[in-house]
Every structure is written in C-alpha cells, then in structure tokens.
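**Q** CSV, C-alpha atoms, file final38.csv:
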```csv
chain,number,residue,atom,x,y,z
A,1,MET,CA,67.8,-4.6,-23.0
A,2,LYS,CA,71.2,-4.1,-24.4
A,3,PHE,CA,72.8,-7.0,-26.3
A,4,PRO,CA,75.7,-8.4,-24.3
A,5,GLU,CA,78.9,-8.2,-26.3
A,6,LEU,CA,81.6,-10.6,-25.0
A,7,GLU,CA,85.4,-11.1,-25.5
A,8,THR,CA,87.9,-13.8,-25.5
A,9,PRO,CA,91.6,-13.6,-26.0
A,10,ARG,CA,91.2,-13.7,-29.8
A,11,LEU,CA,87.5,-13.0,-30.5
A,12,ARG,CA,84.8,-10.4,-30.0
A,13,LEU,CA,81.4,-11.9,-29.7
A,14,ILE,CA,79.2,-9.2,-31.2
A,15,GLN,CA,75.6,-8.6,-32.0
A,16,ILE,CA,74.8,-9.7,-35.6
A,17,ARG,CA,73.6,-6.8,-37.7
A,18,PRO,CA,72.4,-6.4,-41.3
A,19,GLU,CA,75.9,-5.6,-42.4
A,20,HIS,CA,77.0,-9.1,-41.4
A,21,ALA,CA,74.5,-10.8,-43.8
A,22,ASP,CA,77.1,-11.2,-46.6
A,23,ALA,CA,79.6,-12.9,-44.3
A,24,LEU,CA,76.8,-15.1,-42.8
A,25,PHE,CA,75.6,-16.1,-46.2
A,26,GLY,CA,79.2,-16.9,-47.3
A,27,ILE,CA,79.6,-19.3,-44.3
A,28,LEU,CA,76.2,-20.9,-44.3
A,29,SER,CA,76.2,-21.5,-48.1
A,30,MET,CA,79.1,-23.9,-47.7
A,31,ASP,CA,78.1,-27.6,-47.6
A,32,GLU,CA,81.1,-28.4,-45.5
A,33,VAL,CA,79.8,-26.0,-42.8
A,34,THR,CA,76.2,-27.1,-42.8
A,35,ARG,CA,77.0,-30.8,-43.1
A,36,TYR,CA,76.4,-31.2,-39.4
A,37,TYR,CA,74.3,-28.0,-38.8
A,38,GLY,CA,70.8,-29.4,-39.0
A,39,MET,CA,69.8,-27.4,-42.0
A,40,ASP,CA,70.6,-27.3,-45.6
A,41,SER,CA,73.1,-24.8,-47.0
A,42,ILE,CA,71.4,-21.5,-47.8
A,43,GLU,CA,71.3,-20.6,-51.5
A,44,ASP,CA,70.1,-17.0,-51.3
A,45,ARG,CA,71.5,-13.9,-49.5
A,46,ALA,CA,67.9,-12.9,-48.6
A,47,ILE,CA,67.8,-16.0,-46.3
A,48,ALA,CA,70.8,-14.7,-44.4
A,49,GLU,CA,69.1,-11.3,-44.1
A,50,LYS,CA,66.0,-13.0,-42.6
A,51,MET,CA,68.2,-15.0,-40.2
A,52,VAL,CA,69.8,-11.7,-39.0
A,53,GLU,CA,66.3,-10.4,-38.3
A,54,ALA,CA,65.3,-13.6,-36.6
A,55,PHE,CA,68.4,-13.4,-34.3
A,56,GLN,CA,67.2,-9.9,-33.2
A,57,ILE,CA,63.6,-11.0,-32.7
A,58,GLY,CA,64.8,-14.0,-30.6
A,59,PHE,CA,66.9,-11.8,-28.5
A,60,GLU,CA,64.2,-9.2,-27.9
A,61,ALA,CA,61.8,-12.0,-26.9
A,62,GLN,CA,64.6,-13.4,-24.6
A,63,ARG,CA,64.2,-16.8,-26.3
A,64,SER,CA,67.7,-16.9,-27.8
A,65,TYR,CA,71.0,-15.1,-28.2
A,66,ARG,CA,73.2,-15.3,-31.3
A,67,TRP,CA,76.6,-13.7,-31.4
A,68,GLY,CA,78.8,-13.1,-34.4
A,69,LEU,CA,82.4,-14.3,-34.0
A,70,GLN,CA,84.8,-11.5,-35.0
A,71,LEU,CA,88.6,-11.8,-35.0
A,72,LYS,CA,90.1,-9.1,-32.8
A,73,ASP,CA,93.1,-8.6,-34.9
A,74,THR,CA,91.4,-8.3,-38.3
A,75,GLY,CA,87.7,-7.6,-37.5
A,76,GLU,CA,86.8,-10.5,-39.8
A,77,PHE,CA,83.4,-12.2,-39.2
A,78,ILE,CA,84.2,-15.9,-39.0
A,79,GLY,CA,81.0,-17.6,-37.7
A,80,THR,CA,78.3,-17.5,-35.0
A,81,ILE,CA,77.5,-19.0,-31.6
A,82,GLY,CA,74.3,-18.9,-29.8
A,83,LEU,CA,71.9,-20.0,-27.1
A,84,ASN,CA,68.8,-21.6,-28.5
A,85,ASN,CA,65.6,-22.6,-26.7
A,86,LEU,CA,66.5,-20.2,-23.9
A,87,ASN,CA,64.3,-20.4,-20.9
A,88,THR,CA,65.7,-18.3,-18.1
A,89,SER,CA,62.8,-19.1,-15.7
A,90,SER,CA,63.5,-22.8,-16.2
A,91,LYS,CA,67.3,-22.1,-16.1
A,92,LYS,CA,68.1,-24.0,-19.3
A,93,SER,CA,69.2,-23.5,-22.9
A,94,GLU,CA,71.0,-25.2,-25.8
A,95,ILE,CA,74.3,-24.0,-27.4
A,96,GLY,CA,75.1,-24.1,-31.1
A,97,TYR,CA,77.9,-22.7,-33.3
A,98,GLU,CA,79.6,-22.8,-36.6
A,99,LEU,CA,82.8,-21.5,-38.1
A,100,HIS,CA,84.2,-20.7,-41.5
A,101,PRO,CA,86.4,-23.8,-42.5
A,102,ALA,CA,89.5,-21.5,-42.8
A,103,PHE,CA,89.3,-21.2,-39.0
A,104,TRP,CA,88.7,-24.8,-38.0
A,105,ARG,CA,91.2,-26.7,-35.7
A,106,GLN,CA,92.6,-23.5,-34.2
A,107,GLY,CA,90.7,-23.6,-30.9
A,108,LEU,CA,88.5,-20.7,-31.8
A,109,ALA,CA,85.2,-22.5,-31.3
A,110,LYS,CA,86.3,-23.8,-27.9
A,111,GLU,CA,87.3,-20.3,-26.9
A,112,ALA,CA,83.9,-19.0,-27.9
A,113,VAL,CA,82.0,-21.8,-26.3
A,114,ILE,CA,83.9,-21.4,-23.0
A,115,GLU,CA,82.9,-17.7,-22.9
A,116,VAL,CA,79.3,-18.3,-23.8
A,117,LEU,CA,79.1,-21.0,-21.1
A,118,ARG,CA,80.7,-18.6,-18.6
A,119,TYR,CA,78.1,-15.9,-19.5
A,120,SER,CA,75.2,-18.4,-19.4
A,121,PHE,CA,76.1,-19.9,-16.0
A,122,GLU,CA,77.4,-16.8,-14.2
A,123,ASP,CA,75.5,-13.9,-15.7
A,124,LEU,CA,72.2,-15.5,-16.9
A,125,GLY,CA,71.9,-17.9,-14.0
A,126,ILE,CA,71.4,-20.9,-16.3
A,127,TYR,CA,71.7,-24.3,-14.7
A,128,ARG,CA,71.6,-26.7,-17.7
A,129,ILE,CA,73.1,-26.2,-21.2
A,130,GLY,CA,72.3,-28.8,-23.8
A,131,ALA,CA,73.9,-29.5,-27.2
A,132,VAL,CA,72.4,-31.4,-30.1
A,133,THR,CA,75.0,-32.8,-32.4
A,134,TYR,CA,75.3,-35.3,-35.2
A,135,PRO,CA,77.1,-38.5,-34.0
A,136,ALA,CA,79.5,-38.2,-36.9
A,137,ASN,CA,80.6,-34.7,-35.9
A,138,GLU,CA,83.6,-36.0,-34.1
A,139,ALA,CA,85.4,-32.7,-33.7
A,140,SER,CA,82.4,-31.0,-32.0
A,141,ASN,CA,81.5,-34.0,-29.9
A,142,LYS,CA,85.1,-34.3,-28.6
A,143,MET,CA,85.3,-30.6,-27.8
A,144,LEU,CA,82.1,-30.7,-25.9
A,145,GLN,CA,83.2,-33.7,-23.9
A,146,LYS,CA,86.5,-32.0,-23.0
A,147,LEU,CA,84.5,-29.1,-21.7
A,148,GLY,CA,82.6,-31.5,-19.4
A,149,PHE,CA,79.4,-32.2,-21.5
A,150,LYS,CA,77.9,-35.6,-20.9
A,151,VAL,CA,76.1,-37.5,-23.7
A,152,GLU,CA,72.6,-38.3,-22.4
A,153,GLY,CA,71.4,-40.3,-25.4
A,154,THR,CA,70.4,-40.5,-29.0
A,155,LEU,CA,67.4,-38.6,-30.5
A,156,ARG,CA,66.3,-41.0,-33.2
A,157,GLY,CA,65.4,-39.3,-36.5
A,158,TYR,CA,65.6,-35.9,-34.8
A,159,LEU,CA,67.2,-33.8,-37.6
A,160,PHE,CA,65.9,-33.5,-41.2
A,161,GLN,CA,68.5,-32.4,-43.6
A,162,ARG,CA,69.2,-32.9,-47.3
A,163,GLY,CA,66.0,-34.9,-47.7
A,164,GLU,CA,66.7,-37.4,-45.0
A,165,SER,CA,66.1,-37.8,-41.2
A,166,HIS,CA,69.2,-38.2,-39.1
A,167,ASP,CA,69.8,-39.2,-35.5
A,168,ALA,CA,71.3,-36.7,-33.1
A,169,LEU,CA,73.2,-36.9,-29.8
A,170,ILE,CA,71.9,-34.9,-26.9
A,171,SER,CA,74.6,-33.8,-24.4
A,172,SER,CA,74.4,-31.5,-21.5
A,173,LEU,CA,76.5,-29.6,-19.0
A,174,LEU,CA,75.2,-28.5,-15.6
A,175,ARG,CA,76.4,-25.4,-13.8
A,176,THR,CA,77.9,-27.6,-11.0
A,177,GLU,CA,79.8,-29.7,-13.5
A,178,TRP,CA,81.0,-26.5,-15.2
A,179,GLU,CA,82.3,-25.2,-12.0
A,180,GLN,CA,84.4,-28.4,-11.7
A,181,SER,CA,85.5,-28.6,-15.3
A,182,ILE,CA,86.5,-24.9,-15.6
A,183,LYS,CA,89.2,-25.5,-12.9
A,184,LYS,CA,90.7,-28.1,-15.2
A,185,LEU,CA,90.9,-26.0,-18.3
```
How does this structure look as structure tokens?
**A**
Amino acid sequence: MKFPELETPRLRLIQIRPEHADALFGILSMDEVTRYYGMDSIEDRAIAEKMVEAFQIGFEAQRSYRWGLQLKDTGEFIGTIGLNNLNTSSKKSEIGYELHPAFWRQGLAKEAVIEVLRYSFEDLGIYRIGAVTYPANEASNKMLQKLGFKVEGTLRGYLFQRGESHDALISSLLRTEWEQSIKKL
C-alpha cells in the first residue's frame, strides 16, 4: 500500500523517512514541545531513528499513520501529525500532533488537523476520532473544540511523564459532527 501524502494551502503532509530523523530529533528534544506530549523529551538521535522505523511499521500494519509536516514554500520539516490506535474495521482512531515552537500560533496545526480529519472521515471511512490531551494544554484543547471535538471526560493518571502520572482529557469527533462543523469553518 502506498503511503497517502496530503496537502493543505501551506503544508505538505509527507511520509516520514530516515532523512527526517535529525529534524524529528530537533523537535522532540525540546521540553517546550514535549511538555504536553505524553512522553519525555528524547535525548538521543538514535531514538528519533527508531521512531521513524516505528512509524513505517505502524503504517504497514495499518495500525497508525504518521505524516511529517513540511512547509510548501521552504520544504522545512516542522512537526508531525498522525492517527494512532487506528482500527479501520471498528471505524475509529485517535489523532496526535506536534509542531516546532517557531511555528506555533500560525494556524498550521489546525490546517493539518483539518486535512487529516478530512482524509480519515472521507477516505478511510472512520466514524470516530479521539484526542487525548493534557487539561493544561489550552491551545490544543481550544483548537479541538473549535473543530467540533467534544470533551468526554478525564482519564485519571493516564499519562506518565517526567516521573509523574498526569490526568488527561479524552475528546472525540464523530463523522456526523464533522460534516456539520466543516460547514462552519
């Protein structure tokens, strides 16, 4: 199966390859990026290389998709977005993403999320997309709510990071809600 590369007005959503390991390491080694990521910052480039391999294995097994976010105008790799816990027979998945801080507050994450939601609902036939976020991650939570996600509840002690357990919010968006919310965007 060929990896689906997607586009938005400003981004290319590309397959993450070994040549992207340096950029991935640069992003995921920053504490400000991983603060609400659900994992500690990576400290070794070899971990980024293993992540790239894991992205490919997940795709081949049809359990996940992970796209690299590349600026159209410069070709710069600025983050990733993906579908986790993908189960096409049950018509559900979860979405996750991160961006280099130099690109925060520019609407790029929203642009990428909208395209991945479109692909998930229209091309993959997914019915439910979940999102697991830290309650304190206000920017991400507000963006998801603007896109129509509904907070379903709190997962107590769900995430373990930096030596501590943390609560997480679980939100979801159903295809029928997406069809209504996309008309408002």
**Q** Calculate how many Å separate CA of Glu7 (chain A) from CA of Ala48 (chain A), rounding to one decimal.
**A**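 A separation of 24.2 Å between them.
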**Q** Around (87.4, -8.8, -37.8), as given in the file, which residues come within 12 Å? Count only C-alpha atoms and list them as a PyMOL selection string.
**A** chain A and resi 10-14+20+23+68-79
**Q** Hey, can you spit out that residue selection with C-alpha atoms as a PDB file, in the frame of the given file?
**A**
```
ATOM      1  CA  ARG A  10      91.200 -13.700 -29.800  1.00  0.00           C
ATOM      2  CA  LEU A  11      87.500 -13.000 -30.500  1.00  0.00           C
ATOM      3  CA  ARG A  12      84.800 -10.400 -30.000  1.00  0.00           C
ATOM      4  CA  LEU A  13      81.400 -11.900 -29.700  1.00  0.00           C
ATOM      5  CA  ILE A  14      79.200  -9.200 -31.200  1.00  0.00           C
ATOM      6  CA  HIS A  20      77.000  -9.100 -41.400  1.00  0.00           C
ATOM      7  CA  ALA A  23      79.600 -12.900 -44.300  1.00  0.00           C
ATOM      8  CA  GLY A  68      78.800 -13.100 -34.400  1.00  0.00           C
ATOM      9  CA  LEU A  69      82.400 -14.300 -34.000  1.00  0.00           C
ATOM     10  CA  GLN A  70      84.800 -11.500 -35.000  1.00  0.00           C
ATOM     11  CA  LEU A  71      88.600 -11.800 -35.000  1.00  0.00           C
ATOM     12  CA  LYS A  72      90.100  -9.100 -32.800  1.00  0.00           C
ATOM     13  CA  ASP A  73      93.100  -8.600 -34.900  1.00  0.00           C
ATOM     14  CA  THR A  74      91.400  -8.300 -38.300  1.00  0.00           C
ATOM     15  CA  GLY A  75      87.700  -7.600 -37.500  1.00  0.00           C
ATOM     16  CA  GLU A  76      86.800 -10.500 -39.800  1.00  0.00           C
ATOM     17  CA  PHE A  77      83.400 -12.200 -39.200  1.00  0.00           C
ATOM     18  CA  ILE A  78      84.200 -15.900 -39.000  1.00  0.00           C
ATOM     19  CA  GLY A  79      81.000 -17.600 -37.700  1.00  0.00           C
TER      20      GLY A  79
END
```
**Q** Determine, counting all atoms listed in the file, which protein, DNA and RNA residues have an atom within 9 Å of an atom of Gly26 (chain A); residues of the same chain fewer than 5 positions away are not included. Present the result as a PDB file with C-alpha atoms, in the coordinates of the input.
**A**
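Resulting contents of selection-v4.pdb:
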```pdb
ATOM      1  CA  ALA A  21      74.500 -10.800 -43.800  1.00  0.00           C
ATOM      2  CA  ARG A  45      71.500 -13.900 -49.500  1.00  0.00           C
ATOM      3  CA  HIS A 100      84.200 -20.700 -41.500  1.00  0.00           C
TER       4      HIS A 100
END
```
**Q** For Leu99 (chain A), list every protein, DNA or RNA residue within 8 Å, evaluated using only C-alpha atoms, and leave out those in the same chain fewer than 3 positions away; present the list as a compact mmCIF listing (two decimals) with C-alpha atoms, keeping the file's coordinate frame.
**A**
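Below is the file that was written, around_20.txt:
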```txt
# COMPACT_ATOMS: atom_id res chain seq x y z
CA ILE A 27 79.60 -19.30 -44.30
CA VAL A 33 79.80 -26.00 -42.80
CA ILE A 78 84.20 -15.90 -39.00
CA GLY A 79 81.00 -17.60 -37.70
CA THR A 80 78.30 -17.50 -35.00
CA PHE A 103 89.30 -21.20 -39.00
CA TRP A 104 88.70 -24.80 -38.00
CA ALA A 109 85.20 -22.50 -31.30
```
**Q** Residues at most 9 Å from Arg17 (chain A), counting only C-alpha atoms, excluding those fewer than 5 positions away in the same chain, as an MDAnalysis selection string?
**A** chainID A and resid 52:53 56 68
**Q** Tell me, in Å to one decimal, how far CA of Tyr158 (chain A) is from CA of Ala102 (chain A).
**A**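 That distance, rounded to one decimal, is 29.0 Å.
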